[in-house]
Structures are given as C-alpha cells and as structure tokens.
Amino acid sequence: MSTPYAKLPGWVEYGLIPLINLAVAFLVAGLVVLLVGENPFEAAYHLINGAFGRGEYIGFTLYYATTFIFTGLAVAVAFHAGLFNIGGEGQAYVGGIGVALACLWLDQVMPWYVVFPLAIVGSVFFGALWAFLPGWLQAKRGSHIVITTIMFNFIASSLMVYLLTRVLKPLGSMAPQTRTFAEGGQLPKLDWLLSIFGLNVGTAPFNISFLLALAAAFGVWVLIWRTKLGYEMRTMGHSPSAARYAGIRESRITVITMMISGGLAGMMALNPIMGEQFRMQLDFVQGAGFVGIAVALMGRSHPGGIIPAAILFGVLYQGGAEIAFEMPSISRDMIVIIQGLVILFAGALENMFRPAITRAFAMRGQRAAAVVQTKGA
Amino acid sequence: MDNIAIELRGIDKSFGPVHANKDINLKVRKGTIHGIIGENGAGKSTLMSILYGFYQADSGEIFVDGKPASIRDPNTAISVGIGMVHQHFMLVENFTVLENVMLGAEDSQILNKGIAKARQELKRLEKEYALEVNPDALIEELPVGLQQRVEILKALYRRADILILDEPTGVLTPAEADHLFRILGQLKAQGKTIILITHKLREIMAITDEVSVMRRGEMVATRTTRETSVEELAELMVGRRVLLRVEKGEASPGDVKLAVEGLTVKDSRGVTMVDDVSFEVRAGEIVGIAGVAGNGQSELLEAIAGIRRATSGTVLLNGRSVDVTGHRDPAELRARGLAHVPEDRHHVGLVLKFEESENAILGYHNDPRYLKGAFLDIDAIRKDAEEKIAKYDIRPPNARLKTANFSGGNQQKIVLAREMERGPDVLIIGQPTRGVDVGAIEFIHKRIIEMRDQGKAVLLVSVELDEIRSLSDRILVMFAGRVVGERSPEATEGELGLLMAGVEGRKEAAE
C-alpha cells in the first residue's frame, strides 16, 4: 500500500521541503567558501547584510526580484500548459524594443504615466511576437519548443546587436545603446514605499515596475485558476489525451500560451530600461530569462511561490555582489556557484529528500494508527 | 519430474489493494507449448513479469529445470534460459536486425569481433528454426511480422530454452500469425519450451499442448488442449458467475439516432483496426458491442467520438453527418447531443490532478452557465458538482477533493454524472465498470438502463460479456476489426464466445 509519493501535509510540502533544500544548498556553498580559505559565516553575514542591511540594499534586492518575478511568471504560465519555454531570455530582450520605441517616441513630450502604459503594451507586443513564432512552429510544424525557443534566444541576440549598433544608436555615439531618455522615459522610484518602513532607498533603482510585477502575478493567478483559458491550459498540461477528449485544440492553446508567456517575459524589459538605465543597452537581460526557470521551479509555478522565490534570487544577486565586494578572494564567479547550488538543490534535486521525509511521516502515521488500534483493543 | 521446465509454487503478488496473483501454481512441461488464457486483468501479464524478473513475487517459489531459481531481474531470467517476446516490441528502430540481436550481448568493446560472431550465429539460428530475416535490414523497414521474428531471434541468441510470448498475434495479420505458429512448432520440435499468453481461444486450440486458465488473479484450471473445447475454456475464463441481473423492461426503439456506415480506422502503423463497420443505434435501445479487447472496439468508439481520425466511412448523428475523416471536433459533437464515457477514465475521461468540480465540467467548460465572460463561475461550477455528487452518491461528497483520491467506482460516477446529466441524444460508453467495485456496478447499470428508458440511444462497449448480455437489447460481436455477427441478448455465452474468438464469424462473414 506504499505509494512512493504519499500525500504530505501542506506545511511540509510547501514549507519544510523547500527550506531543507535551501539549507543544504547553503551548506554546500559554505563548504566551497571554506575550500577557498574564507570564513563561510562571514560570507553569510555579508550575503544577508548586503541584501537587507540598509534601505538602499533592500531596494536593490527588490529591483532584482522585480525582474525575476516577470521571467518566473513567464516560465510558469507555459509550464501549466505543459510547455517548457526556455526562451524567456530572448523574449525579454526583444521586448526591450517595445519599451525603447515608446520612450524614444514620447519621452520628451509626455510624462512617464503616459509613456509607461505604451511601453507596457510595446514590451508585451514584442515579447509575445518573439514567443509566437516558436509556438506557431510547434503547433503547426511539430518543431519542439525547447529547441526553437533556445534558438530564438540566439536570433534575438544577433537582432539586438544589429539594432543597437545600426538602427537605434544615436549618430556619432560609440556605445551600442539608445540615447538616454528624457524624464518621460524614466519611471519613478518607490522611495515612498520604503519610507513607510523608515528606510531610505538611496541610489537603488527600485521603481514602480515592482508594483506592475505584483499585479502581473495576481493576473497570472486569475488567468490560470479563474478563467476558461487557464482551465484549458491546465487540462492540456496535465493530460493531453483528456484535452483532446474535451475538444480543447492543442495548437490554439499552444500558440496563445506561448504569447502570454512571451508577453510576461517582455515586460521584464521595463524594469532595467525605464527603471534603471533610462536607455536600452546591449545585453540588458543578463541571464534573467534563465533565472526565471529556476524561480518558476522553486515557486512551483504558483504566483504565491514565485514572488518569494524571486526575492530569494534577488537576495543572492544583491547579497552576492556584496560578498564579492567585501571579500576580495571570493570572486564574482563564486557567487554564480552559490546561485547554481541553490538552483541545483531547490530546482533540479527538488525531490532528493522527499522519499526520506515521506517515509518519516508515513512511519509517524503508522505509529499513530497503531496506538489507536491498541487503544481500541 | 525431470521433464518439467518451469514450476511455479504459491506465487502471490499484490499491488496496493489489487491482488493480482493469488497463490498461483503452474507446471510447464519441457518441449511443449503451454497456453495461458484469461480476460484482461486476470493476472496473466503480472505472472509472466514475475517469471521474467520485472516484478518480485510477494511470496512463492520458482523452479527452472527442477532447480529453485531466484529471478531478480530480466538478466537473471536470461541467464537461466528464459527469454521473452513482448507484446510491444523492444527494438531499436533505426538499428539493423544484426545490431538489435547483439544489443546488450556484444561480448567485447570492439564491435567487429562480435559482429562476425553474431552473424554466424544468426545464420545458424535461421537455418535451424526457419527464421529467415535479412540481418542487415533496418528494423523500421521491416513489416511487423518480421520485427517479431527478430524478437524471437534475440531470445534464441541469448540461448533461451524457455520462450514466453505475450499476446504475440495482437499485431499480426492472420497469415503472419499462421507463419508464427509454424515457427513455434519448429521451436518445439527442437526441444524448446514455449509459454503463450493470449486471450484468443482459437490460437490456444490450434497450437498449444496444454492450457492454463486464469481468472481474477487465480489459476482456475489446467487442461490438456486435446481434451478440452472452446466452450469449456470460455466458461472457465469468464467464470460461472451468476449473471448480474438487471431489472429491465422491453425496449421500444424509436428513430435512428446514430448511424455508422462503412467505418474504417487505421492506426499509425497502417494496421487496420476497424474494418468497414456498419450499424445503427435507435432511440430507446442499448446496442452492445462484445469482443475480446483489442479487436477494434476502442478505435471504433474514439472515431465516433471525434477523437481519432477514420480512414473512410460516414457517421450520422441525429440524421446529420459527422466529418469523421477530416476535421474532428469533440466539442461540436457534444453540442450536437453526443456524450462519451471513454474507456480510459484515468488518461482520457478525467484529469486526475484536478478537483472533482473541475472534472465535472471537462468538455462542457464552454457552457455559458459555468462562465462569466472569459472567467470561470466557480460558485456555479461547485454548486453543479455538488448536485451531481448528491444525485450519483459520489463519495466522499467533496467537490474540492482531488480526483485521484476517489476510488475507481466513484471516479467512474464522476464521468457518468457529467455525461448523463446533459440529456444527450446519443450516449457512447466504453468499459463502464472496469476497475469499479461491485457496489457501484449495479448503480451504473441502473443508470444506463434509465438512459435507455428516457429514449436515449446507447452504444455500449465492454469486454465483460455478462455486462453486455444483461444490458444490451442487441449485441454486435467484433473480431479483428469487423462486426462478425449480431445476436439477441438471449444468445448463449458459448455462441457469443465462438463469435468473439473468430471461429464462427468467418463462416458468417463469408456468407
């Protein structure tokens, strides 16, 4: 009667197991720090302090988290329909075109609250477009989405190099980037939000797109669990044969899901372009599309899990930078190792401790049952 | 007793609450062909998987050539001389015959040496057992019959003395099957022992020396083939169970609701699964399709329901034609009054990870009463699910419980409630009581009769002959994709059994 994955109580499933995974990741990371001859506790201190120590640090942490919420949601939406969109990187990159076009067009004549909605539409449009092509190719031609989306990452990269060196670069400039936007292309910071908690945002680019990310997370929850489309997506994701039986058209759902996923990835571009740099630069995505996969895995594709997972990765990015700064023998690459370990244990090896924990709980359950029986007898 | 190749003593195996093999004893004599028959789910495959080391028995012993053998995995099975030819071939499609035969028995890291040896050995085997096949042909280019021959060669190459064949003729044409039997005869003449698992009585009678019958996990009888008859075996297979009596009045058939004409379905391999089938179902009658599993019933249902593309033929639903060969749309068929209870509720009829209420609208999720614009009307959906739970006595009565946590019978009730409560004109039902507990069976049968009495046209497919006989007003028997006969439910079990085994049907179809 022993099913290998028996049902666990909610707090174990969503609390204890992720925590154990995270703890093991940090333990191994600590060993690596020890190996290079540094004090792991000092590193841990810098990680936490660097992420939360001051209002400015928190601002940076949440700035990174904003980016990861968008890309994490993008991956999660596709997961629900059984699609593995690993093209978030390229979709976010191309989404930047929409943001840049809106800003370059109107930044000098319109205030940010007029430009921002247009930039959102632009980022969603271009991100969705970049995901539409692989989705359409899978639906109509059977080209596997994992292959095509990763290829589209490279195409996006080349396309953006071309655009930023030939088309969008101002005349006479040597740098592969657009001109710096005027005030209309700059999003206001959320300094007031932090000041409620008595914190000063300082130079951190923590901006209003964080609120957009939270709204997007809520929107994804509504989409997946409260709309007909979401119902159809989940049916297809759980059981393609049941979807066929129910008359749900696989090709239609594939294309629509990919466009929503790409649109969410595209929105990520708002944060660095309008929130931090005020211009579009080469490689502004910086791997956030791939981090989104880890965030979605850790957050179990649920917006309520994705937001904390995105904040965790924000901590690793911001706190990791502090470690590299404070402890020179720990290079920036070491931070990547730590992040990789978290992905490894929390994402890829998610089920490593599950059998043991399940057994422990099953034994506890049996003992409880035995007690009841002996009492009954 | 030294002429016993395999002896099983007290083999017992459970999967959770399912007792698949109950205290099985079996002796297979050396140099004979021993048939094992039984209905789907009788435990034949489990027993053979234990013998071949895929599963471990909970208790019991296995003796090979009189010596106790502990078969932990297929490798140990091979090492004691047991080979298996699976129902679904285990071949690498883009390898040659020679490469497939060698796979896992290469003998050395350098392939060339092994290849030369294997080629020689293959030639010898071909000559000895009349198993001609070109060693350099690619598997994917070979017809199914030859692919199977490669599987047999693989076993022989590994020096198997005991060969288990699991439903070997399921994918073969009659001519290929006849050739296979000649090969098996040849192998027997060379002293090999063969265990043949099948549910086709005709094959048992044609080729085996002895036959063992399994039913519901038990070994109910072993007979010498010469001294038994198809009728006796059919009875042993199905069991002498009392018919589940269903209170049922006379049918009063009305207009034709579903008309199928010349329907032909081929699977992805190009094998004809449904062969020129025609029939009609009228309002207020239950038409049952009897047949041994795998004779095209599943494909027929799927083609009518718009899930599987038909190669040719027409289907009329309520007098209007359905595009079965081109664009199929199950959602449209539902809107036109067709309800479908699929055979496989776990993968098709339900999404096991969904809440009960979510499954209660599967396929009907476009209905405006479950929607507020593009949004699901959760309250309406749950209220609707709770009404069905009450009406169909689904337990536990919790619309928010995950569907996987319901028992088989209650899961089936979820599907039935969804499909029946719509008031469809035509209801097609596959295996209504497969894996359903006895208590729920009666309930389900009653509901089906009720649907008929309300003037619905019901098409019923089941491998349970009793079920077909007690529910149907007319019985069609399918064999090898064709409807080989129509009988009234008063026909005897023996008569239907012969039709199902394809014995009588040939004559009839020829007439």
# chains A, B, ... in the order shown; residues from 1 in each chain; ligands from 1

$ select_by_dssp --residues "stretch 15-186 of chain A" --states "helix (DSSP H, G or I)" --output "MDAnalysis selection string"
chainID A and resid 15:35 40:52 55:80 88:106 112:141 145:167 183:185

$ interface_residues --of "chain B" --to "chain A" --cutoff "6 Å" --atoms "only C-alpha atoms" --output "list of chain:residue names"
B:Gly16, B:Asp329, B:Pro330, B:Ala331, B:Val348, B:Gly349, B:Leu362, B:Gly363, B:Ala374, B:Phe375, B:Leu376

$ select_by_dssp --residues "stretch 248-440 of chain B" --states "strand (DSSP E)" --output "JSON list (two decimals) with N, CA and C atoms, in the first residue's frame"
[["chain", "number", "residue", "atom", "x", "y", "z"],
["B", 256, "VAL", "N", -33.68, 6.28, -35.71],
["B", 256, "VAL", "CA", -32.24, 6.05, -35.72],
["B", 256, "VAL", "C", -31.55, 7.33, -35.27],
["B", 257, "LYS", "N", -30.75, 7.23, -34.23],
["B", 257, "LYS", "CA", -30.03, 8.40, -33.72],
["B", 257, "LYS", "C", -28.57, 8.41, -34.16],
["B", 258, "LEU", "N", -28.02, 7.22, -34.24],
["B", 258, "LEU", "CA", -26.62, 7.12, -34.64],
["B", 258, "LEU", "C", -26.52, 6.07, -35.74],
["B", 259, "ALA", "N", -26.01, 6.47, -36.88],
["B", 259, "ALA", "CA", -25.86, 5.54, -37.99],
["B", 259, "ALA", "C", -24.41, 5.54, -38.45],
["B", 260, "VAL", "N", -23.79, 4.37, -38.41],
["B", 260, "VAL", "CA", -22.39, 4.23, -38.82],
["B", 260, "VAL", "C", -22.37, 3.41, -40.09],
["B", 261, "GLU", "N", -21.66, 3.88, -41.09],
["B", 261, "GLU", "CA", -21.69, 3.22, -42.40],
["B", 261, "GLU", "C", -20.27, 3.06, -42.94],
["B", 262, "GLY", "N", -19.84, 1.83, -43.07],
["B", 262, "GLY", "CA", -18.54, 1.55, -43.71],
["B", 262, "GLY", "C", -17.36, 2.21, -43.04],
["B", 263, "LEU", "N", -17.39, 2.29, -41.71],
["B", 263, "LEU", "CA", -16.32, 2.99, -41.00],
["B", 263, "LEU", "C", -15.04, 2.14, -40.95],
["B", 264, "THR", "N", -13.95, 2.75, -41.38],
["B", 264, "THR", "CA", -12.66, 2.07, -41.36],
["B", 264, "THR", "C", -11.64, 2.97, -40.67],
["B", 265, "VAL", "N", -10.88, 2.38, -39.74],
["B", 265, "VAL", "CA", -9.88, 3.15, -39.00],
["B", 265, "VAL", "C", -8.56, 2.40, -39.06],
["B", 266, "LYS", "N", -7.51, 3.13, -39.41],
["B", 266, "LYS", "CA", -6.16, 2.53, -39.37],
["B", 266, "LYS", "C", -5.36, 3.23, -38.29],
["B", 272, "THR", "N", -5.05, -1.99, -40.01],
["B", 272, "THR", "CA", -6.48, -1.71, -39.98],
["B", 272, "THR", "C", -7.06, -2.16, -38.64],
["B", 273, "MET", "N", -7.59, -1.23, -37.87],
["B", 273, "MET", "CA", -8.12, -1.56, -36.56],
["B", 273, "MET", "C", -9.63, -1.76, -36.62],
["B", 274, "VAL", "N", -10.30, -0.91, -37.40],
["B", 274, "VAL", "CA", -11.74, -1.05, -37.61],
["B", 274, "VAL", "C", -11.94, -1.22, -39.11],
["B", 275, "ASP", "N", -12.64, -2.27, -39.48],
["B", 275, "ASP", "CA", -12.67, -2.66, -40.88],
["B", 275, "ASP", "C", -14.11, -2.64, -41.41],
["B", 276, "ASP", "N", -14.47, -1.57, -42.07],
["B", 276, "ASP", "CA", -15.74, -1.50, -42.78],
["B", 276, "ASP", "C", -16.92, -1.86, -41.87],
["B", 277, "VAL", "N", -17.07, -1.12, -40.79],
["B", 277, "VAL", "CA", -18.11, -1.43, -39.80],
["B", 277, "VAL", "C", -19.35, -0.58, -40.07],
["B", 278, "SER", "N", -20.51, -1.22, -40.08],
["B", 278, "SER", "CA", -21.78, -0.51, -40.26],
["B", 278, "SER", "C", -22.78, -0.99, -39.22],
["B", 279, "PHE", "N", -23.51, -0.06, -38.63],
["B", 279, "PHE", "CA", -24.61, -0.43, -37.74],
["B", 279, "PHE", "C", -25.39, 0.84, -37.42],
["B", 280, "GLU", "N", -26.55, 0.67, -36.81],
["B", 280, "GLU", "CA", -27.26, 1.85, -36.33],
["B", 280, "GLU", "C", -27.75, 1.63, -34.90],
["B", 281, "VAL", "N", -27.92, 2.74, -34.21],
["B", 281, "VAL", "CA", -28.46, 2.68, -32.86],
["B", 281, "VAL", "C", -29.68, 3.58, -32.83],
["B", 282, "ARG", "N", -30.80, 3.03, -32.34],
["B", 282, "ARG", "CA", -32.04, 3.80, -32.31],
["B", 282, "ARG", "C", -32.28, 4.40, -30.93],
["B", 285, "GLU", "N", -32.78, 2.28, -27.23],
["B", 285, "GLU", "CA", -32.23, 0.93, -27.21],
["B", 285, "GLU", "C", -30.75, 0.98, -26.84],
["B", 286, "ILE", "N", -30.29, -0.13, -26.30],
["B", 286, "ILE", "CA", -28.87, -0.26, -25.98],
["B", 286, "ILE", "C", -28.28, -1.28, -26.92],
["B", 287, "VAL", "N", -27.32, -0.85, -27.69],
["B", 287, "VAL", "CA", -26.61, -1.77, -28.57],
["B", 287, "VAL", "C", -25.26, -2.06, -27.93],
["B", 288, "GLY", "N", -25.02, -3.31, -27.66],
["B", 288, "GLY", "CA", -23.76, -3.69, -27.02],
["B", 288, "GLY", "C", -22.78, -4.22, -28.05],
["B", 289, "ILE", "N", -21.52, -3.87, -27.90],
["B", 289, "ILE", "CA", -20.50, -4.43, -28.77],
["B", 289, "ILE", "C", -19.64, -5.35, -27.93],
["B", 290, "ALA", "N", -19.75, -6.65, -28.22],
["B", 290, "ALA", "CA", -18.96, -7.63, -27.49],
["B", 290, "ALA", "C", -17.71, -7.92, -28.29],
["B", 312, "SER", "N", -12.02, 6.00, -43.65],
["B", 312, "SER", "CA", -13.15, 6.19, -44.55],
["B", 312, "SER", "C", -14.42, 5.81, -43.83],
["B", 313, "GLY", "N", -15.55, 6.13, -44.44],
["B", 313, "GLY", "CA", -16.83, 5.81, -43.83],
["B", 313, "GLY", "C", -17.58, 7.06, -43.43],
["B", 314, "THR", "N", -18.85, 6.86, -43.06],
["B", 314, "THR", "CA", -19.65, 8.00, -42.64],
["B", 314, "THR", "C", -20.32, 7.70, -41.30],
["B", 315, "VAL", "N", -20.59, 8.74, -40.55],
["B", 315, "VAL", "CA", -21.34, 8.62, -39.31],
["B", 315, "VAL", "C", -22.43, 9.69, -39.35],
["B", 316, "LEU", "N", -23.66, 9.28, -39.08],
["B", 316, "LEU", "CA", -24.76, 10.24, -38.99],
["B", 316, "LEU", "C", -25.20, 10.33, -37.54],
["B", 317, "LEU", "N", -25.19, 11.56, -37.02],
["B", 317, "LEU", "CA", -25.65, 11.79, -35.66],
["B", 317, "LEU", "C", -26.93, 12.59, -35.75],
["B", 320, "ARG", "N", -27.71, 13.97, -39.11],
["B", 320, "ARG", "CA", -26.77, 14.87, -39.79],
["B", 320, "ARG", "C", -25.38, 14.26, -39.79],
["B", 321, "SER", "N", -24.67, 14.48, -40.87],
["B", 321, "SER", "CA", -23.40, 13.78, -41.00],
["B", 321, "SER", "C", -22.31, 14.40, -40.12],
["B", 322, "VAL", "N", -21.40, 13.54, -39.68],
["B", 322, "VAL", "CA", -20.26, 13.95, -38.87],
["B", 322, "VAL", "C", -19.01, 13.74, -39.70],
["B", 338, "LEU", "N", -24.05, 14.35, -28.44],
["B", 338, "LEU", "CA", -23.33, 13.10, -28.24],
["B", 338, "LEU", "C", -22.57, 13.17, -26.92],
["B", 339, "ALA", "N", -22.77, 12.20, -26.07],
["B", 339, "ALA", "CA", -22.00, 12.13, -24.84],
["B", 339, "ALA", "C", -21.13, 10.89, -24.89],
["B", 340, "HIS", "N", -19.95, 10.97, -24.33],
["B", 340, "HIS", "CA", -18.97, 9.89, -24.47],
["B", 340, "HIS", "C", -18.34, 9.58, -23.12],
["B", 341, "VAL", "N", -18.52, 8.37, -22.66],
["B", 341, "VAL", "CA", -17.82, 7.90, -21.47],
["B", 341, "VAL", "C", -16.66, 7.06, -21.97],
["B", 371, "LEU", "N", -19.72, 29.93, -16.88],
["B", 371, "LEU", "CA", -18.81, 31.03, -17.20],
["B", 371, "LEU", "C", -19.44, 32.38, -16.89],
["B", 372, "LYS", "N", -18.55, 33.33, -16.58],
["B", 372, "LYS", "CA", -18.95, 34.73, -16.55],
["B", 372, "LYS", "C", -18.01, 35.40, -17.52],
["B", 375, "PHE", "N", -14.30, 34.32, -17.64],
["B", 375, "PHE", "CA", -13.94, 33.78, -16.34],
["B", 375, "PHE", "C", -14.81, 32.59, -15.98],
["B", 376, "LEU", "N", -14.23, 31.68, -15.19],
["B", 376, "LEU", "CA", -15.00, 30.56, -14.69],
["B", 376, "LEU", "C", -15.90, 31.06, -13.57],
["B", 426, "VAL", "N", -27.43, 10.75, -27.82],
["B", 426, "VAL", "CA", -26.67, 9.52, -28.02],
["B", 426, "VAL", "C", -25.60, 9.45, -26.95],
["B", 427, "LEU", "N", -25.52, 8.28, -26.32],
["B", 427, "LEU", "CA", -24.52, 8.08, -25.28],
["B", 427, "LEU", "C", -23.64, 6.91, -25.70],
["B", 428, "ILE", "N", -22.35, 7.15, -25.84],
["B", 428, "ILE", "CA", -21.47, 6.02, -26.13],
["B", 428, "ILE", "C", -20.60, 5.78, -24.90],
["B", 429, "ILE", "N", -20.55, 4.52, -24.48],
["B", 429, "ILE", "CA", -19.91, 4.16, -23.22],
["B", 429, "ILE", "C", -18.91, 3.05, -23.45],
["B", 430, "GLY", "N", -17.68, 3.27, -23.01],
["B", 430, "GLY", "CA", -16.66, 2.22, -23.09],
["B", 430, "GLY", "C", -16.34, 1.70, -21.70]]

$ residues_around --residues "B:Asp161" --least-positions-apart "6" --cutoff "10 Å" --atoms "only C-alpha atoms" --output "list of chain:residue names"
B:Ala5, B:Lys30, B:Gly31, B:Ile78, B:Val80, B:Gly81, B:Ile82, B:Gly83, B:Ala155, B:Leu187, B:Lys188, B:Gln190, B:Gly191, B:Lys192, B:Thr193, B:Ile194

$ closest_residue --among "B:Arg369, B:Val503, B:Pro253, B:Gly409" --to "B:Asp473" --atoms "only C-alpha atoms"
B:Pro253

$ closest_residue --among "B:Ile162, B:Leu236, B:Leu333, B:Ala130" --to "B:Leu180" --atoms "only C-alpha atoms"
B:Ala130

$ closest_residue --among "B:Val271, B:Lys413, B:Leu47, B:Asp344" --to "B:Asn295" --atoms "only C-alpha atoms"
B:Val271

$ residues_around --residues "A:Gly266" --least-positions-apart "6" --cutoff "6 Å" --atoms "only C-alpha atoms" --output "list in words"
Gln91, Ala92, Gly95, Ser123, Val124 and Gly127 of chain A

$ write_last_selection --atoms "C-alpha atoms" --output "compact mmCIF listing (two decimals), in the first residue's frame"
# COMPACT_ATOMS: atom_id res chain seq x y z
CA GLN A 91 11.66 37.31 -25.39
CA ALA A 92 12.68 39.79 -22.69
CA GLY A 95 10.53 43.05 -25.52
CA SER A 123 7.05 45.22 -24.36
CA VAL A 124 4.18 42.72 -24.28
CA GLY A 127 7.83 39.68 -26.25

$ closest_residue --among "A:Ile20, A:Ala81, A:Ala119, A:Leu168" --to "A:Thr254" --atoms "only C-alpha atoms"
A:Ala81

$ residues_around --residues "B:Ala57" --least-positions-apart "6" --cutoff "12 Å" --atoms "only C-alpha atoms" --output "ChimeraX atom specification"
/B:8-15,19-24,46-51,70-73

$ residues_around --residues "A:Ala76" --least-positions-apart "5" --cutoff "10 Å" --atoms "only C-alpha atoms" --output "PyMOL selection string"
chain A and resi 70-71+81-85+220+224+261+292-293+295-297+299-303+306

$ write_last_selection --atoms "all heavy atoms" --output "compact mmCIF listing (two decimals), in the first residue's frame"
# COMPACT_ATOMS: atom_id res chain seq x y z
N PHE A 70 8.88 38.72 -13.22
CA PHE A 70 8.38 38.69 -14.61
C PHE A 70 8.82 37.42 -15.34
O PHE A 70 8.01 36.70 -15.93
CB PHE A 70 8.88 39.91 -15.39
CG PHE A 70 8.15 41.18 -15.07
CD1 PHE A 70 8.84 42.30 -14.63
CD2 PHE A 70 6.78 41.27 -15.22
CE1 PHE A 70 8.18 43.49 -14.33
CE2 PHE A 70 6.10 42.45 -14.94
CZ PHE A 70 6.81 43.56 -14.49
N THR A 71 10.12 37.12 -15.30
CA THR A 71 10.59 35.97 -16.07
C THR A 71 10.11 34.66 -15.45
O THR A 71 9.82 33.70 -16.16
CB THR A 71 12.12 35.97 -16.19
OG1 THR A 71 12.69 36.07 -14.88
CG2 THR A 71 12.61 37.13 -17.03
N ALA A 81 0.66 24.74 -19.15
CA ALA A 81 0.11 24.11 -20.34
C ALA A 81 1.03 23.00 -20.84
O ALA A 81 0.88 22.53 -21.96
CB ALA A 81 -0.10 25.15 -21.44
N GLY A 82 1.98 22.59 -20.01
CA GLY A 82 2.88 21.52 -20.40
C GLY A 82 3.94 21.94 -21.38
O GLY A 82 4.53 21.10 -22.06
N LEU A 83 4.19 23.25 -21.48
CA LEU A 83 5.21 23.74 -22.42
C LEU A 83 6.41 24.24 -21.63
O LEU A 83 6.26 24.87 -20.59
CB LEU A 83 4.64 24.90 -23.26
CG LEU A 83 3.42 24.56 -24.11
CD1 LEU A 83 2.77 25.82 -24.64
CD2 LEU A 83 3.82 23.65 -25.25
N PHE A 84 7.59 23.98 -22.15
CA PHE A 84 8.79 24.40 -21.47
C PHE A 84 9.41 25.54 -22.26
O PHE A 84 10.14 25.31 -23.22
CB PHE A 84 9.75 23.22 -21.33
CG PHE A 84 10.89 23.47 -20.38
CD1 PHE A 84 10.80 24.44 -19.40
CD2 PHE A 84 12.04 22.71 -20.47
CE1 PHE A 84 11.86 24.66 -18.53
CE2 PHE A 84 13.10 22.93 -19.60
CZ PHE A 84 13.01 23.90 -18.63
N ASN A 85 9.08 26.75 -21.88
CA ASN A 85 9.58 27.93 -22.60
C ASN A 85 10.91 28.35 -22.00
O ASN A 85 10.95 28.98 -20.96
CB ASN A 85 8.56 29.06 -22.49
CG ASN A 85 9.06 30.34 -23.11
OD1 ASN A 85 10.01 30.33 -23.91
ND2 ASN A 85 8.42 31.45 -22.78
N VAL A 220 -1.73 36.48 -13.34
CA VAL A 220 -1.43 35.09 -13.73
C VAL A 220 -2.26 34.13 -12.89
O VAL A 220 -2.81 33.15 -13.39
CB VAL A 220 0.08 34.79 -13.59
CG1 VAL A 220 0.35 33.29 -13.64
CG2 VAL A 220 0.85 35.50 -14.69
N ILE A 224 -4.79 31.50 -14.61
CA ILE A 224 -4.62 30.05 -14.54
C ILE A 224 -5.79 29.38 -13.82
O ILE A 224 -6.27 28.34 -14.25
CB ILE A 224 -3.30 29.70 -13.82
CG1 ILE A 224 -2.11 30.25 -14.60
CG2 ILE A 224 -3.15 28.20 -13.63
CD1 ILE A 224 -1.89 29.62 -15.94
N SER A 261 3.14 33.90 -22.30
CA SER A 261 4.43 33.69 -21.65
C SER A 261 5.46 34.70 -22.16
O SER A 261 6.18 35.33 -21.38
CB SER A 261 4.89 32.25 -21.93
OG SER A 261 6.16 32.02 -21.41
N GLY A 292 14.63 32.87 -14.46
CA GLY A 292 13.19 32.68 -14.38
C GLY A 292 12.79 31.21 -14.32
O GLY A 292 11.82 30.85 -13.66
N ILE A 293 13.54 30.35 -15.00
CA ILE A 293 13.25 28.91 -14.96
C ILE A 293 13.41 28.40 -13.53
O ILE A 293 12.55 27.70 -13.00
CB ILE A 293 14.18 28.14 -15.92
CG1 ILE A 293 13.94 28.61 -17.35
CG2 ILE A 293 13.95 26.64 -15.80
CD1 ILE A 293 14.95 28.09 -18.34
N VAL A 295 13.33 30.18 -10.82
CA VAL A 295 12.33 30.82 -9.96
C VAL A 295 10.99 30.08 -10.09
O VAL A 295 10.33 29.79 -9.10
CB VAL A 295 12.18 32.31 -10.33
CG1 VAL A 295 10.96 32.92 -9.66
CG2 VAL A 295 13.44 33.07 -9.94
N ALA A 296 10.61 29.76 -11.33
CA ALA A 296 9.35 29.05 -11.54
C ALA A 296 9.39 27.67 -10.90
O ALA A 296 8.42 27.22 -10.29
CB ALA A 296 9.05 28.94 -13.03
N LEU A 297 10.54 26.98 -11.01
CA LEU A 297 10.67 25.66 -10.40
C LEU A 297 10.53 25.75 -8.89
O LEU A 297 9.78 25.00 -8.28
CB LEU A 297 12.05 25.07 -10.73
CG LEU A 297 12.20 24.31 -12.03
CD1 LEU A 297 13.65 23.94 -12.24
CD2 LEU A 297 11.34 23.06 -12.01
N GLY A 299 9.23 28.14 -7.15
CA GLY A 299 7.91 28.64 -6.76
C GLY A 299 6.79 27.71 -7.16
O GLY A 299 5.62 28.06 -7.02
N ARG A 300 7.13 26.54 -7.66
CA ARG A 300 6.14 25.54 -8.08
C ARG A 300 5.10 26.12 -9.01
O ARG A 300 3.92 25.78 -8.97
CB ARG A 300 5.45 24.94 -6.86
CG ARG A 300 6.40 24.08 -6.10
CD ARG A 300 5.85 23.73 -4.76
NE ARG A 300 6.71 22.73 -4.17
CZ ARG A 300 6.58 21.43 -4.39
NH1 ARG A 300 5.62 20.98 -5.14
NH2 ARG A 300 7.41 20.59 -3.84
N SER A 301 5.54 27.03 -9.85
CA SER A 301 4.68 27.61 -10.89
C SER A 301 3.45 28.30 -10.33
O SER A 301 2.48 28.50 -11.05
CB SER A 301 4.25 26.55 -11.91
OG SER A 301 5.38 26.04 -12.56
N HIS A 302 3.48 28.61 -9.05
CA HIS A 302 2.35 29.33 -8.45
C HIS A 302 2.82 30.74 -8.11
O HIS A 302 3.88 30.90 -7.50
CB HIS A 302 1.89 28.61 -7.19
CG HIS A 302 0.59 29.12 -6.67
ND1 HIS A 302 0.45 30.39 -6.15
CD2 HIS A 302 -0.64 28.55 -6.61
CE1 HIS A 302 -0.81 30.56 -5.79
NE2 HIS A 302 -1.49 29.47 -6.07
N PRO A 303 2.04 31.77 -8.51
CA PRO A 303 2.48 33.14 -8.23
C PRO A 303 2.84 33.35 -6.77
O PRO A 303 3.79 34.08 -6.46
CB PRO A 303 1.27 33.98 -8.64
CG PRO A 303 0.58 33.17 -9.67
CD PRO A 303 0.79 31.73 -9.28
N ILE A 306 6.23 32.08 -6.57
CA ILE A 306 7.20 32.74 -7.45
C ILE A 306 7.72 34.03 -6.83
O ILE A 306 8.90 34.35 -6.92
CB ILE A 306 6.55 33.00 -8.83
CG1 ILE A 306 6.47 31.67 -9.59
CG2 ILE A 306 7.36 34.01 -9.64
CD1 ILE A 306 5.66 31.73 -10.84

$ residues_around --residues "stretch 399-405 of chain B" --least-positions-apart "4" --cutoff "10 Å" --atoms "only C-alpha atoms" --output "count of residues only"
26

$ atom_distance --atom1 "atom CA of B:Val85" --atom2 "atom CA of B:Arg158"
12.5 Å

$ atom_distance --atom1 "atom CA of A:Val285" --atom2 "atom CA of A:Met268"
8.3 Å

$ closest_residue --among "A:Thr148, A:Gln281, A:Thr67, A:Gln318" --to "A:Val336" --atoms "only C-alpha atoms"
A:Gln318
